[in-house]
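J.: To start, I am sharing the structure in question, which I have written as structure tokens.
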Amino acid sequence: MTTEATLPTTSASPTARQLWTRARGVTLAVVLLLTAAVVIATIRSDARHGALDPRSADPKGSRAVAELLSDRGVDTRVVATLDEARAASAANTTLLVADPDLLTHRQQSELRSATTGTGGRTVLVAPGSWSVERLVPGVTADPATSLASELAPDCALPAAQRAGTADLGGVRYTTTHLNADECYPSERLATLLRVPETTGDGDTVVLGAPDILYNERLDEQGNASLALQLLGSRPHLVWYLPSLSDTSAADEDDERSFFDLLPSGWLWGTLQLFIAAALAALWRARRLGPLVPEKLPVAIRASETVEGRARLYRKANARDRAAAALRSTTRTRLAPLVGVPVSQAHAPEALLPALSAHLHNHGDGQALQTLLFGPPPGDDAALISLADQLDALEREVRRP
């Protein structure tokens, strides 16, 4: 009788050479793509600037508006540190902050203190709730952004009236300042605010979106007119591009956490991705059903079938199933030999008395019941012993 202890050790797992042969094409393609990306980035790194950079001719750059302002006598200077931006604050200067949300809370408070009372203009481009309440006290960013981009001015601000429809939208704002100009509303909330200082001629302009400053959008709607009026009211324009490398941001008590840097709505986005992945897994999962007999294209030897099933039992550590299969097969073969119908081969009350009567010198019914109907073996050695005992019992019954 064949047992799992005598099975040869074979493996159908692919070798390392086979794995490399299958994956080398994809690996080579990925390496070539990465190499090309690095080369292109290196070649173009010296000629490109970031978005909203007045030196950049890229679609998202702002060189076009800087050139138009220069033709009208407004000089533009780019700064990258808070100290430079604070030093440039003056009555004859417009200070544009390209990305206020990159500033820490301490930097925002210092910038607000430096610009208050100078008589100049401060333009904030798309500040969110992280920055707008410190840079412009009394102004709050609404959590829901505007989906519309072409908006009408719908306010008394002269610059907006002359420009007409413009590409704004983006962040929407509410304010407690009664004398503020609330322009380009989207669902009754302004996407452009002009908040004048309580004393002097200074003011702060809050833009909900940077579109009117982009090179690719400047010639659309009234974008150019609105941008030139907002940035050209003073002879000097200081274009502040906040940088993470600014040493003034090194304040451990004011650092933003990882979750603060994530965009709004990331939690819902992650939940949606998780649900989508779970649904995809359920859709693609293997559906287990009843066994279906299938005609094999070739004949398989019985020994191979036994070996394969034994390996499956061994891999699953299913000694109980293996022992049950051995006992059931033995009982089925012994029943006709002792005069018991096969239909009653698995009934102890029918098989055991006939088997005891046939074995004159092994008539211990308790031992036979334990052997043929007993509990599953506790380890591999007990399973092997059970197989040997069943084999010996069958040989004894068959002996004439």
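Chains: A, B, ... in order of the structure tokens. Residues: from 1 per chain. Ligands: from 1, in order shown.
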I'd like the neighbourhood of region 161-167 of chain A as a list in words, where a residue qualifies if any of its atoms comes within 7 Å (using only C-alpha atoms), though same-chain residues fewer than 3 positions away should be ignored.

T.: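 Contacts, with the query itself left out: Ser149, Glu150, Leu151, Ala152, Pro153, Ala156, Leu157, Pro158, Asp211, Ile212, Gln221, Gly222, Asn223, Ser225 and Leu226 of chain A.
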
J.: Write to file, as a PDB file, in the first residue's frame, the residues of the selection just made, with N, CA, C and O atoms.

T.:
ATOM      1  N   SER A 149     -15.404  77.935 -13.838  1.00  0.00           N
ATOM      2  CA  SER A 149     -14.177  78.724 -14.018  1.00  0.00           C
ATOM      3  C   SER A 149     -14.454  80.068 -14.687  1.00  0.00           C
ATOM      4  O   SER A 149     -13.810  81.057 -14.371  1.00  0.00           O
ATOM      5  N   GLU A 150     -15.389  80.132 -15.614  1.00  0.00           N
ATOM      6  CA  GLU A 150     -15.728  81.392 -16.280  1.00  0.00           C
ATOM      7  C   GLU A 150     -16.829  82.077 -15.471  1.00  0.00           C
ATOM      8  O   GLU A 150     -17.997  81.714 -15.545  1.00  0.00           O
ATOM      9  N   LEU A 151     -16.443  83.098 -14.726  1.00  0.00           N
ATOM     10  CA  LEU A 151     -17.378  83.761 -13.822  1.00  0.00           C
ATOM     11  C   LEU A 151     -17.472  85.246 -14.142  1.00  0.00           C
ATOM     12  O   LEU A 151     -16.498  85.856 -14.607  1.00  0.00           O
ATOM     13  N   ALA A 152     -18.638  85.815 -13.899  1.00  0.00           N
ATOM     14  CA  ALA A 152     -18.854  87.251 -14.085  1.00  0.00           C
ATOM     15  C   ALA A 152     -18.475  87.997 -12.817  1.00  0.00           C
ATOM     16  O   ALA A 152     -18.560  87.443 -11.715  1.00  0.00           O
ATOM     17  N   PRO A 153     -18.055  89.268 -12.928  1.00  0.00           N
ATOM     18  CA  PRO A 153     -17.557  89.989 -11.744  1.00  0.00           C
ATOM     19  C   PRO A 153     -18.623  90.186 -10.673  1.00  0.00           C
ATOM     20  O   PRO A 153     -18.381  89.910  -9.502  1.00  0.00           O
ATOM     21  N   ALA A 156     -18.699  95.825  -7.481  1.00  0.00           N
ATOM     22  CA  ALA A 156     -18.429  97.215  -7.858  1.00  0.00           C
ATOM     23  C   ALA A 156     -16.954  97.526  -7.996  1.00  0.00           C
ATOM     24  O   ALA A 156     -16.585  98.678  -8.239  1.00  0.00           O
ATOM     25  N   LEU A 157     -16.064  96.564  -7.865  1.00  0.00           N
ATOM     26  CA  LEU A 157     -14.632  96.812  -7.989  1.00  0.00           C
ATOM     27  C   LEU A 157     -14.325  97.257  -9.421  1.00  0.00           C
ATOM     28  O   LEU A 157     -14.615  96.528 -10.374  1.00  0.00           O
ATOM     29  N   PRO A 158     -13.738  98.425  -9.631  1.00  0.00           N
ATOM     30  CA  PRO A 158     -13.499  98.915 -10.998  1.00  0.00           C
ATOM     31  C   PRO A 158     -12.669  97.968 -11.851  1.00  0.00           C
ATOM     32  O   PRO A 158     -12.960  97.781 -13.030  1.00  0.00           O
ATOM     33  N   ASP A 211      -5.518  80.875 -12.399  1.00  0.00           N
ATOM     34  CA  ASP A 211      -5.649  80.741 -13.851  1.00  0.00           C
ATOM     35  C   ASP A 211      -5.370  82.034 -14.606  1.00  0.00           C
ATOM     36  O   ASP A 211      -4.811  82.004 -15.705  1.00  0.00           O
ATOM     37  N   ILE A 212      -5.762  83.176 -14.075  1.00  0.00           N
ATOM     38  CA  ILE A 212      -5.588  84.430 -14.807  1.00  0.00           C
ATOM     39  C   ILE A 212      -4.119  84.816 -14.942  1.00  0.00           C
ATOM     40  O   ILE A 212      -3.787  85.698 -15.736  1.00  0.00           O
ATOM     41  N   GLN A 221     -10.899  85.252 -22.077  1.00  0.00           N
ATOM     42  CA  GLN A 221     -11.826  86.065 -21.282  1.00  0.00           C
ATOM     43  C   GLN A 221     -11.210  87.440 -20.988  1.00  0.00           C
ATOM     44  O   GLN A 221     -10.550  88.028 -21.834  1.00  0.00           O
ATOM     45  N   GLY A 222     -11.413  87.919 -19.773  1.00  0.00           N
ATOM     46  CA  GLY A 222     -10.786  89.173 -19.367  1.00  0.00           C
ATOM     47  C   GLY A 222      -9.603  88.946 -18.450  1.00  0.00           C
ATOM     48  O   GLY A 222      -9.280  89.807 -17.606  1.00  0.00           O
ATOM     49  N   ASN A 223      -8.921  87.799 -18.596  1.00  0.00           N
ATOM     50  CA  ASN A 223      -7.844  87.424 -17.679  1.00  0.00           C
ATOM     51  C   ASN A 223      -6.704  88.435 -17.699  1.00  0.00           C
ATOM     52  O   ASN A 223      -6.193  88.852 -16.646  1.00  0.00           O
ATOM     53  N   SER A 225      -6.637  91.609 -18.653  1.00  0.00           N
ATOM     54  CA  SER A 225      -7.022  92.902 -18.089  1.00  0.00           C
ATOM     55  C   SER A 225      -7.061  92.849 -16.570  1.00  0.00           C
ATOM     56  O   SER A 225      -6.529  93.735 -15.884  1.00  0.00           O
ATOM     57  N   LEU A 226      -7.669  91.790 -16.015  1.00  0.00           N
ATOM     58  CA  LEU A 226      -7.774  91.685 -14.559  1.00  0.00           C
ATOM     59  C   LEU A 226      -6.401  91.522 -13.921  1.00  0.00           C
ATOM     60  O   LEU A 226      -6.098  92.157 -12.902  1.00  0.00           O
TER      61      LEU A 226
END

J.: Would you mind listing what lies within 9 Å of region 362-379 of chain A as an NGL selection string, with only C-alpha atoms counted and same-chain residues fewer than 2 positions away left out?

T.: :A and (319-324 or 327-328 or 330-331 or 346 or 348 or 352-353 or 355-360 or 381-384 or 386 or 389-390)

J.: In Å, with one decimal, what is the gap from CA of Ala98 (chain A) to CA of Pro242 (chain A)?

T.: 7.1 Å

J.: Which distance in Å separates CA of Asp58 (chain A) and CA of Asp99 (chain A), to one decimal?

T.: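 Going from CA of Asp58 (chain A) over to CA of Asp99 (chain A), I get 17.7 Å.
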
J.: Just how far from CA of Gln229 (chain A) is CA of Ala190 (chain A), in Å to one decimal?

T.: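 Result for CA of Ala190 (chain A) versus CA of Gln229 (chain A): 18.5 Å, one decimal.
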
J.: Looking at A:Gly339, A:Gly202, A:Pro143, A:Gly308, which one is nearest to Gly265 (chain A), with distances taken over only C-alpha atoms?

T.: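 With only C-alpha atoms as the atom set, the closest residue is A:Pro143.
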
J.: Please provide as a PDB file with all heavy atoms, in the first residue's frame all residues within 9 Å of Ser243 (chain A), with the sequence filter that same-chain residues fewer than 3 positions apart are discarded (counting only C-alpha atoms).

T.:
ATOM      1  N   ALA A  80      12.564  84.476  -2.949  1.00  0.00           N
ATOM      2  CA  ALA A  80      12.255  83.113  -2.523  1.00  0.00           C
ATOM      3  C   ALA A  80      12.307  82.932  -1.015  1.00  0.00           C
ATOM      4  O   ALA A  80      12.097  81.815  -0.531  1.00  0.00           O
ATOM      5  CB  ALA A  80      13.206  82.117  -3.190  1.00  0.00           C
ATOM      6  N   THR A  81      12.586  83.994  -0.256  1.00  0.00           N
ATOM      7  CA  THR A  81      12.661  83.881   1.202  1.00  0.00           C
ATOM      8  C   THR A  81      11.725  84.888   1.849  1.00  0.00           C
ATOM      9  O   THR A  81      11.397  85.933   1.264  1.00  0.00           O
ATOM     10  CB  THR A  81      14.088  84.111   1.713  1.00  0.00           C
ATOM     11  OG1 THR A  81      14.483  85.466   1.438  1.00  0.00           O
ATOM     12  CG2 THR A  81      15.061  83.145   1.034  1.00  0.00           C
ATOM     13  N   LEU A 102       2.276  77.108   1.547  1.00  0.00           N
ATOM     14  CA  LEU A 102       3.594  76.559   1.852  1.00  0.00           C
ATOM     15  C   LEU A 102       4.223  77.225   3.068  1.00  0.00           C
ATOM     16  O   LEU A 102       5.190  76.706   3.623  1.00  0.00           O
ATOM     17  CB  LEU A 102       4.527  76.709   0.648  1.00  0.00           C
ATOM     18  CG  LEU A 102       4.330  75.737  -0.515  1.00  0.00           C
ATOM     19  CD1 LEU A 102       5.352  76.008  -1.607  1.00  0.00           C
ATOM     20  CD2 LEU A 102       4.437  74.295  -0.048  1.00  0.00           C
ATOM     21  N   LEU A 103       3.696  78.359   3.474  1.00  0.00           N
ATOM     22  CA  LEU A 103       4.252  79.076   4.622  1.00  0.00           C
ATOM     23  C   LEU A 103       3.783  78.432   5.921  1.00  0.00           C
ATOM     24  O   LEU A 103       2.640  77.972   6.033  1.00  0.00           O
ATOM     25  CB  LEU A 103       3.823  80.538   4.593  1.00  0.00           C
ATOM     26  CG  LEU A 103       4.222  81.349   3.352  1.00  0.00           C
ATOM     27  CD1 LEU A 103       3.606  82.747   3.425  1.00  0.00           C
ATOM     28  CD2 LEU A 103       5.733  81.437   3.222  1.00  0.00           C
ATOM     29  N   ASP A 246      13.588  77.570   2.661  1.00  0.00           N
ATOM     30  CA  ASP A 246      13.733  78.831   3.391  1.00  0.00           C
ATOM     31  C   ASP A 246      14.034  78.533   4.858  1.00  0.00           C
ATOM     32  O   ASP A 246      13.274  77.831   5.530  1.00  0.00           O
ATOM     33  CB  ASP A 246      12.449  79.641   3.253  1.00  0.00           C
ATOM     34  CG  ASP A 246      12.594  81.050   3.800  1.00  0.00           C
ATOM     35  OD1 ASP A 246      13.663  81.366   4.377  1.00  0.00           O
ATOM     36  OD2 ASP A 246      11.652  81.837   3.652  1.00  0.00           O
ATOM     37  N   ALA A 249      11.575  78.865   7.853  1.00  0.00           N
ATOM     38  CA  ALA A 249      10.527  77.878   8.122  1.00  0.00           C
ATOM     39  C   ALA A 249      10.958  76.842   9.145  1.00  0.00           C
ATOM     40  O   ALA A 249      10.151  76.015   9.568  1.00  0.00           O
ATOM     41  CB  ALA A 249      10.139  77.162   6.826  1.00  0.00           C
TER      42      ALA A 249
END

J.: How would you write, as JSON, numbers by chain, the set of residues in region 65-147 of chain A that DSSP gives as alpha helix (DSSP H)?

T.: {"A": [65, 66, 67, 68, 69, 70, 71, 82, 83, 84, 85, 86, 87, 105, 106, 107, 108, 109, 110, 111, 112, 113, 114, 115, 132, 133, 134, 135]}

J.: Residues as selected, N, CA, C and O atoms, written as a short mmCIF file (atom, residue, chain, number, x, y, z; two decimals), in the first residue's frame, can you do that?

T.:
data_model
loop_
_atom_site.label_atom_id
_atom_site.label_comp_id
_atom_site.auth_asym_id
_atom_site.auth_seq_id
_atom_site.Cartn_x
_atom_site.Cartn_y
_atom_site.Cartn_z
N VAL A 65 2.52 87.64 -18.30
CA VAL A 65 2.01 88.78 -17.53
C VAL A 65 3.15 89.67 -17.03
O VAL A 65 3.01 90.90 -16.98
N ALA A 66 4.30 89.09 -16.72
CA ALA A 66 5.45 89.89 -16.30
C ALA A 66 5.95 90.77 -17.44
O ALA A 66 6.32 91.94 -17.24
N GLU A 67 5.95 90.23 -18.68
CA GLU A 67 6.37 91.03 -19.83
C GLU A 67 5.40 92.17 -20.10
O GLU A 67 5.81 93.30 -20.41
N LEU A 68 4.11 91.90 -19.98
CA LEU A 68 3.11 92.95 -20.20
C LEU A 68 3.23 94.04 -19.13
O LEU A 68 3.09 95.24 -19.42
N LEU A 69 3.48 93.64 -17.91
CA LEU A 69 3.66 94.64 -16.85
C LEU A 69 4.92 95.47 -17.09
O LEU A 69 4.94 96.69 -16.84
N SER A 70 5.98 94.82 -17.60
CA SER A 70 7.20 95.55 -17.90
C SER A 70 6.97 96.59 -18.98
O SER A 70 7.52 97.71 -18.91
N ASP A 71 6.16 96.30 -19.98
CA ASP A 71 5.84 97.27 -21.03
C ASP A 71 5.09 98.47 -20.46
O ASP A 71 5.11 99.56 -21.06
N LEU A 82 11.33 84.58 3.06
CA LEU A 82 10.44 85.47 3.80
C LEU A 82 11.12 86.79 4.12
O LEU A 82 10.49 87.86 4.06
N ASP A 83 12.39 86.75 4.44
CA ASP A 83 13.11 87.99 4.77
C ASP A 83 13.11 88.95 3.59
O ASP A 83 12.92 90.17 3.77
N GLU A 84 13.32 88.44 2.38
CA GLU A 84 13.30 89.31 1.20
C GLU A 84 11.90 89.88 0.97
O GLU A 84 11.76 91.06 0.59
N ALA A 85 10.88 89.05 1.18
CA ALA A 85 9.51 89.53 0.98
C ALA A 85 9.15 90.60 2.00
O ALA A 85 8.52 91.62 1.65
N ARG A 86 9.56 90.42 3.24
CA ARG A 86 9.28 91.43 4.26
C ARG A 86 10.01 92.73 3.98
O ARG A 86 9.45 93.82 4.15
N ALA A 87 11.24 92.62 3.56
CA ALA A 87 12.03 93.84 3.28
C ALA A 87 11.48 94.62 2.11
O ALA A 87 11.68 95.84 2.02
N HIS A 105 2.79 78.63 9.99
CA HIS A 105 1.97 79.61 10.71
C HIS A 105 2.81 80.78 11.21
O HIS A 105 2.35 81.93 11.18
N ARG A 106 4.02 80.52 11.66
CA ARG A 106 4.86 81.63 12.13
C ARG A 106 5.23 82.55 10.97
O ARG A 106 5.21 83.77 11.10
N GLN A 107 5.55 81.96 9.80
CA GLN A 107 5.86 82.78 8.63
C GLN A 107 4.65 83.61 8.20
O GLN A 107 4.80 84.78 7.81
N GLN A 108 3.48 83.02 8.26
CA GLN A 108 2.27 83.76 7.89
C GLN A 108 2.05 84.96 8.81
O GLN A 108 1.72 86.06 8.35
N SER A 109 2.24 84.75 10.11
CA SER A 109 2.06 85.85 11.07
C SER A 109 3.08 86.95 10.84
O SER A 109 2.76 88.16 10.88
N GLU A 110 4.33 86.58 10.57
CA GLU A 110 5.37 87.58 10.33
C GLU A 110 5.11 88.34 9.03
O GLU A 110 5.34 89.55 8.95
N LEU A 111 4.65 87.64 7.99
CA LEU A 111 4.35 88.32 6.74
C LEU A 111 3.19 89.28 6.92
O LEU A 111 3.21 90.40 6.37
N ARG A 112 2.18 88.87 7.66
CA ARG A 112 1.05 89.75 7.91
C ARG A 112 1.49 91.00 8.67
O ARG A 112 1.09 92.13 8.33
N SER A 113 2.35 90.85 9.67
CA SER A 113 2.83 92.01 10.43
C SER A 113 3.66 92.94 9.56
O SER A 113 3.59 94.18 9.71
N ALA A 114 4.44 92.37 8.61
CA ALA A 114 5.30 93.20 7.77
C ALA A 114 4.52 93.99 6.73
O ALA A 114 4.94 95.09 6.33
N THR A 115 3.39 93.48 6.28
CA THR A 115 2.64 94.16 5.22
C THR A 115 1.55 95.07 5.75
O THR A 115 1.07 95.96 5.02
N VAL A 132 -5.19 81.47 4.93
CA VAL A 132 -5.92 82.71 4.67
C VAL A 132 -6.37 83.39 5.96
O VAL A 132 -6.39 84.63 6.05
N GLU A 133 -6.70 82.62 6.99
CA GLU A 133 -7.21 83.23 8.21
C GLU A 133 -6.12 83.98 8.98
O GLU A 133 -6.44 84.87 9.77
N ARG A 134 -4.84 83.61 8.78
CA ARG A 134 -3.75 84.34 9.42
C ARG A 134 -3.27 85.51 8.56
O ARG A 134 -2.91 86.56 9.09
N LEU A 135 -3.25 85.31 7.25
CA LEU A 135 -2.79 86.39 6.38
C LEU A 135 -3.84 87.48 6.22
O LEU A 135 -3.48 88.66 6.03
#

J.: DSSP on the backbone, strand (DSSP E) only: what residues of region 121-169 of chain A does that give? Format it as a list of chain:residue names.

T.: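 Those residues are A:Arg121, A:Thr122, A:Val123, A:Leu124, A:Val125, A:Val139, A:Thr140, A:Ala141, A:Glu150, A:Leu151, A:Ala166, A:Asp167.
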
J.: I need the residues from that last selection saved to file as a PDB file, in the first residue's frame (with N, CA, C and O atoms), if you can.

T.:
ATOM      1  N   ARG A 121       0.081  96.840  -1.711  1.00  0.00           N
ATOM      2  CA  ARG A 121      -0.932  95.824  -1.998  1.00  0.00           C
ATOM      3  C   ARG A 121      -0.314  94.440  -1.850  1.00  0.00           C
ATOM      4  O   ARG A 121       0.810  94.205  -2.283  1.00  0.00           O
ATOM      5  N   THR A 122      -1.060  93.539  -1.250  1.00  0.00           N
ATOM      6  CA  THR A 122      -0.658  92.141  -1.134  1.00  0.00           C
ATOM      7  C   THR A 122      -1.657  91.289  -1.915  1.00  0.00           C
ATOM      8  O   THR A 122      -2.860  91.395  -1.694  1.00  0.00           O
ATOM      9  N   VAL A 123      -1.150  90.454  -2.815  1.00  0.00           N
ATOM     10  CA  VAL A 123      -1.993  89.561  -3.615  1.00  0.00           C
ATOM     11  C   VAL A 123      -1.679  88.129  -3.202  1.00  0.00           C
ATOM     12  O   VAL A 123      -0.539  87.672  -3.316  1.00  0.00           O
ATOM     13  N   LEU A 124      -2.681  87.417  -2.727  1.00  0.00           N
ATOM     14  CA  LEU A 124      -2.538  86.027  -2.296  1.00  0.00           C
ATOM     15  C   LEU A 124      -3.206  85.129  -3.329  1.00  0.00           C
ATOM     16  O   LEU A 124      -4.385  85.297  -3.642  1.00  0.00           O
ATOM     17  N   VAL A 125      -2.458  84.175  -3.846  1.00  0.00           N
ATOM     18  CA  VAL A 125      -2.958  83.297  -4.903  1.00  0.00           C
ATOM     19  C   VAL A 125      -3.446  81.989  -4.289  1.00  0.00           C
ATOM     20  O   VAL A 125      -2.657  81.198  -3.772  1.00  0.00           O
ATOM     21  N   VAL A 139     -11.278  86.591   7.037  1.00  0.00           N
ATOM     22  CA  VAL A 139     -11.600  85.890   5.783  1.00  0.00           C
ATOM     23  C   VAL A 139     -11.478  84.394   6.024  1.00  0.00           C
ATOM     24  O   VAL A 139     -10.500  83.933   6.622  1.00  0.00           O
ATOM     25  N   THR A 140     -12.449  83.634   5.552  1.00  0.00           N
ATOM     26  CA  THR A 140     -12.479  82.184   5.741  1.00  0.00           C
ATOM     27  C   THR A 140     -12.634  81.491   4.395  1.00  0.00           C
ATOM     28  O   THR A 140     -13.415  81.945   3.546  1.00  0.00           O
ATOM     29  N   ALA A 141     -11.880  80.407   4.200  1.00  0.00           N
ATOM     30  CA  ALA A 141     -11.989  79.606   2.972  1.00  0.00           C
ATOM     31  C   ALA A 141     -13.057  78.549   3.147  1.00  0.00           C
ATOM     32  O   ALA A 141     -13.065  77.828   4.139  1.00  0.00           O
ATOM     33  N   GLU A 150     -15.389  80.132 -15.614  1.00  0.00           N
ATOM     34  CA  GLU A 150     -15.728  81.392 -16.280  1.00  0.00           C
ATOM     35  C   GLU A 150     -16.829  82.077 -15.471  1.00  0.00           C
ATOM     36  O   GLU A 150     -17.997  81.714 -15.545  1.00  0.00           O
ATOM     37  N   LEU A 151     -16.443  83.098 -14.726  1.00  0.00           N
ATOM     38  CA  LEU A 151     -17.378  83.761 -13.822  1.00  0.00           C
ATOM     39  C   LEU A 151     -17.472  85.246 -14.142  1.00  0.00           C
ATOM     40  O   LEU A 151     -16.498  85.856 -14.607  1.00  0.00           O
ATOM     41  N   ALA A 166     -13.939  86.421 -16.253  1.00  0.00           N
ATOM     42  CA  ALA A 166     -12.553  85.952 -16.108  1.00  0.00           C
ATOM     43  C   ALA A 166     -12.562  84.524 -15.586  1.00  0.00           C
ATOM     44  O   ALA A 166     -13.561  84.041 -15.034  1.00  0.00           O
ATOM     45  N   ASP A 167     -11.414  83.849 -15.767  1.00  0.00           N
ATOM     46  CA  ASP A 167     -11.265  82.469 -15.296  1.00  0.00           C
ATOM     47  C   ASP A 167     -10.795  82.489 -13.849  1.00  0.00           C
ATOM     48  O   ASP A 167      -9.601  82.511 -13.563  1.00  0.00           O
TER      49      ASP A 167
END

J.: Check the smallest atom-to-atom distance from each of A:Tyr240, A:Arg309, A:Ala51, A:Trp266 to Arg77 (chain A) using only C-alpha atoms, then report the winner.

T.: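 Using only C-alpha atoms, the shortest distance to Arg77 (chain A) belongs to A:Tyr240.
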